[in-house]
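Following: one structure in structure tokens, then a few remarks.
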Amino acid sequence: MKIEVIKGDITKLTVDAIVNAANTSLLGGGGVDGAIHKAGGYEILEECKKIRNKQGGCNVGDAVYTTGGKLHVKYVIHTVGPTWNNGRSKESTHLTRCYQNSLRIAVELKVRSIAFPNISTGIYRYPKAEAAIIAIETIKQHQPVHLQRIIFVCFDEDNFKIYYDYLNG
Ligand code: ADP
């Protein structure tokens, strides 16, 4: 399994699956969530609404999946990251579960390539370096057999440098 880090927009990638940093409503929002729904079109939102009707949204740390809509991906895996609360609300456990549950779905779907954004490090304010260690270490521990490529897509320079240095240091 190859772990890559790139700087860019996750909606532009051609991979089997991308992960969305969604919110509990599954109805879209700002940041990467807004970008994915905007680029992916109504189909993704329609499927999110169906999931919502069935199970009432998605809890923090959990994950669900939809089609990729107009994106160049087969699936979007939507996971809900924790909002940073100075470490008082089991944020690290929840963030670890985001990566674990996204990988579990990726395995079920037999995806070979998957791209992750830096979950929780935008609007939810999780400290970037701590979030990066959780992301990388959780992925390294799991290494599913079908998965050949894991790409961390960093949108901002800070995250890119943190991931690059941690993976190459
Ligand atoms: P959260 O609410 O989980 O913090 P955000 O979308 O605000 O979610 O931020 C998560 C990360 O996604 C941030 O590091 C942000 O810079 C990044 N991001 C925002 N837009 C994109 C995009 N189009 N592609 C990849 N990453 C993005």
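Following the order of the structure tokens, chains are lettered A, B, ..., residues in each are numbered from 1, and ligands are numbered from 1.
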Dump as a tab-separated table the rows for residues of chain A within 6 Å of ligand 1: closest atom pair and distance in Å with one decimal, only C-alpha atoms and all ligand atoms counted, ordered by chain and rising residue number.
```
residue	atom	partner	partner_atom_place_in_ligand_line	distance
A:Asp9	CA	ligand 1	24 (N)	3.6
A:Ile10	CA	ligand 1	24 (N)	3.9
A:Thr11	CA	ligand 1	23 (N)	5.9
A:Ala21	CA	ligand 1	3 (O)	4.7
A:Gly31	CA	ligand 1	6 (O)	3.4
A:Val32	CA	ligand 1	20 (N)	3.6
A:Asp33	CA	ligand 1	6 (O)	5.5
A:Ala35	CA	ligand 1	23 (N)	5.2
A:Gly81	CA	ligand 1	3 (O)	5.2
A:Pro117	CA	ligand 1	26 (N)	4.9
A:Asn118	CA	ligand 1	11 (C)	4.5
A:Ile119	CA	ligand 1	3 (O)	4.5
A:Ser120	CA	ligand 1	3 (O)	3.1
A:Thr121	CA	ligand 1	4 (O)	4.3
A:Gly122	CA	ligand 1	9 (O)	3.3
A:Ile123	CA	ligand 1	7 (O)	3.8
A:Tyr124	CA	ligand 1	4 (O)	3.8
A:Arg125	CA	ligand 1	4 (O)	5.9
A:Val153	CA	ligand 1	25 (C)	5.7
A:Cys154	CA	ligand 1	26 (N)	5.6
A:Phe155	CA	ligand 1	26 (N)	4.4
A:Asp156	CA	ligand 1	16 (O)	5.3
```
Store the residues of this selection in a file with N, CA and C atoms, as a PDB file, in the first residue's frame.
```
ATOM      1  N   ASP A   9      -7.274  20.150  -4.437  1.00  0.00           N
ATOM      2  CA  ASP A   9      -8.724  20.098  -4.263  1.00  0.00           C
ATOM      3  C   ASP A   9      -9.172  18.645  -4.461  1.00  0.00           C
ATOM      4  N   ILE A  10      -9.755  18.069  -3.433  1.00  0.00           N
ATOM      5  CA  ILE A  10     -10.114  16.641  -3.467  1.00  0.00           C
ATOM      6  C   ILE A  10     -11.166  16.343  -4.547  1.00  0.00           C
ATOM      7  N   THR A  11     -11.946  17.338  -4.930  1.00  0.00           N
ATOM      8  CA  THR A  11     -13.015  17.101  -5.923  1.00  0.00           C
ATOM      9  C   THR A  11     -12.461  16.896  -7.335  1.00  0.00           C
ATOM     10  N   ALA A  21     -15.563  15.251   4.757  1.00  0.00           N
ATOM     11  CA  ALA A  21     -15.689  15.682   6.166  1.00  0.00           C
ATOM     12  C   ALA A  21     -17.068  16.310   6.302  1.00  0.00           C
ATOM     13  N   GLY A  31     -16.749  24.385   3.613  1.00  0.00           N
ATOM     14  CA  GLY A  31     -15.471  23.699   3.446  1.00  0.00           C
ATOM     15  C   GLY A  31     -15.505  22.609   2.397  1.00  0.00           C
ATOM     16  N   VAL A  32     -14.844  21.502   2.723  1.00  0.00           N
ATOM     17  CA  VAL A  32     -14.730  20.417   1.749  1.00  0.00           C
ATOM     18  C   VAL A  32     -16.106  19.790   1.451  1.00  0.00           C
ATOM     19  N   ASP A  33     -16.972  19.784   2.456  1.00  0.00           N
ATOM     20  CA  ASP A  33     -18.327  19.241   2.294  1.00  0.00           C
ATOM     21  C   ASP A  33     -19.081  20.017   1.198  1.00  0.00           C
ATOM     22  N   ALA A  35     -17.771  21.852  -1.126  1.00  0.00           N
ATOM     23  CA  ALA A  35     -17.087  21.674  -2.418  1.00  0.00           C
ATOM     24  C   ALA A  35     -17.485  20.341  -3.066  1.00  0.00           C
ATOM     25  N   GLY A  81     -16.427  14.353  11.495  1.00  0.00           N
ATOM     26  CA  GLY A  81     -15.339  14.600  12.439  1.00  0.00           C
ATOM     27  C   GLY A  81     -15.835  15.326  13.682  1.00  0.00           C
ATOM     28  N   PRO A 117      -9.504  13.990   3.003  1.00  0.00           N
ATOM     29  CA  PRO A 117      -9.157  15.379   3.344  1.00  0.00           C
ATOM     30  C   PRO A 117      -8.647  15.388   4.783  1.00  0.00           C
ATOM     31  N   ASN A 118      -8.232  16.533   5.272  1.00  0.00           N
ATOM     32  CA  ASN A 118      -7.731  16.634   6.654  1.00  0.00           C
ATOM     33  C   ASN A 118      -8.936  16.902   7.560  1.00  0.00           C
ATOM     34  N   ILE A 119      -9.621  15.803   7.884  1.00  0.00           N
ATOM     35  CA  ILE A 119     -10.899  15.852   8.621  1.00  0.00           C
ATOM     36  C   ILE A 119     -10.770  16.654   9.924  1.00  0.00           C
ATOM     37  N   SER A 120     -11.744  17.500  10.161  1.00  0.00           N
ATOM     38  CA  SER A 120     -11.868  18.311  11.395  1.00  0.00           C
ATOM     39  C   SER A 120     -10.910  19.492  11.517  1.00  0.00           C
ATOM     40  N   THR A 121      -9.977  19.646  10.574  1.00  0.00           N
ATOM     41  CA  THR A 121      -8.966  20.711  10.781  1.00  0.00           C
ATOM     42  C   THR A 121      -9.360  22.056  10.186  1.00  0.00           C
ATOM     43  N   GLY A 122     -10.589  22.154   9.660  1.00  0.00           N
ATOM     44  CA  GLY A 122     -11.066  23.430   9.124  1.00  0.00           C
ATOM     45  C   GLY A 122     -12.004  24.083  10.104  1.00  0.00           C
ATOM     46  N   ILE A 123     -13.272  24.103   9.753  1.00  0.00           N
ATOM     47  CA  ILE A 123     -14.302  24.746  10.577  1.00  0.00           C
ATOM     48  C   ILE A 123     -14.323  24.145  11.996  1.00  0.00           C
ATOM     49  N   TYR A 124     -14.010  22.852  12.124  1.00  0.00           N
ATOM     50  CA  TYR A 124     -14.054  22.193  13.433  1.00  0.00           C
ATOM     51  C   TYR A 124     -12.801  22.392  14.286  1.00  0.00           C
ATOM     52  N   ARG A 125     -11.784  23.088  13.734  1.00  0.00           N
ATOM     53  CA  ARG A 125     -10.625  23.615  14.485  1.00  0.00           C
ATOM     54  C   ARG A 125      -9.752  22.590  15.218  1.00  0.00           C
ATOM     55  N   VAL A 153      -5.126  14.447   0.934  1.00  0.00           N
ATOM     56  CA  VAL A 153      -5.234  15.659   0.129  1.00  0.00           C
ATOM     57  C   VAL A 153      -5.272  16.862   1.064  1.00  0.00           C
ATOM     58  N   CYS A 154      -4.218  17.655   1.005  1.00  0.00           N
ATOM     59  CA  CYS A 154      -4.123  18.831   1.867  1.00  0.00           C
ATOM     60  C   CYS A 154      -4.484  20.061   1.059  1.00  0.00           C
ATOM     61  N   PHE A 155      -5.384  20.843   1.593  1.00  0.00           N
ATOM     62  CA  PHE A 155      -5.872  22.021   0.881  1.00  0.00           C
ATOM     63  C   PHE A 155      -5.029  23.238   1.240  1.00  0.00           C
ATOM     64  N   ASP A 156      -4.516  23.246   2.465  1.00  0.00           N
ATOM     65  CA  ASP A 156      -3.711  24.393   2.886  1.00  0.00           C
ATOM     66  C   ASP A 156      -2.259  23.981   3.082  1.00  0.00           C
TER      67      ASP A 156
END
```
- request: Excluding Arg97 (chain A) and residues on its chain fewer than 5 positions from it, collect all residues at most 9 Å away from it, counting only C-alpha atoms, and give them as a ChimeraX atom specification.
  value: /A:60-63,81,92,102,138
message: Need the shell around Glu108 (chain A): protein/DNA/RNA residues with any atom at most 12 Å away, counting only C-alpha atoms. Skip same-chain ones fewer than 3 positions apart. Format as a list of chain:residue names?
response: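 That gives A:Val64, A:Tyr65, A:Tyr75, A:Ile77, A:Asn101, A:Ser102, A:Leu103, A:Arg104, A:Ile105, A:Val111, A:Arg112, A:Pro144, A:Val145, A:His146, A:Leu147.
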task: Would you please work out which residue, of A:Ile139, A:Met1, A:Ala129, A:Ile18, is nearest to Val76 (chain A) when using only C-alpha atoms?
output: A:Ile18
query: Nearest to Thr93 (chain A): which of A:Val107, A:Ala131, A:Lys12, A:Gly69 is it, counting only C-alpha atoms?
result: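 Among the listed residues, the smallest separation from Thr93 (chain A) belongs to A:Ala131.
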query: Which parts of region 35-162 of chain A does DSSP call helix (DSSP H, G or I) when run on the backbone here, written out as a count of residues only?
result: 59
task: Find the spatial neighbours of Leu167 (chain A), counting only C-alpha atoms, within a cut-off of 12 Å - ignore same-chain residues fewer than 3 positions away - and output them as a list in words.
output: Lys2, Ile3, Glu4, Val5, Ile6, Ala132, Ile133, Ala135, Ile136, Glu137, Lys140, Ile151, Phe152, Phe160, Lys161, Ile162, Tyr163 and Tyr164 of chain A
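CA of Trp84 (chain A) to CA of His37 (chain A) spans 23.8 Å [interatomic distance, one decimal].
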message: If I take CA of Lys49 (chain A) and CA of Ile36 (chain A), how far is one from the other in Å, to one decimal?
response: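 Between CA of Lys49 (chain A) and CA of Ile36 (chain A) the gap is 15.3 Å.
Here the question is which of A:Leu109, A:Leu27, A:Cys48, A:Ala22 gets nearest to His78 (chain A) using only C-alpha atoms, and that residue is A:Ala22.
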message: With distances taken over only C-alpha atoms, which residue among A:Gln143, A:Asn159, A:Gln100, A:Thr66 lies nearest Pro127 (chain A)?
response: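 Closest residue, counting only C-alpha atoms: A:Asn159.
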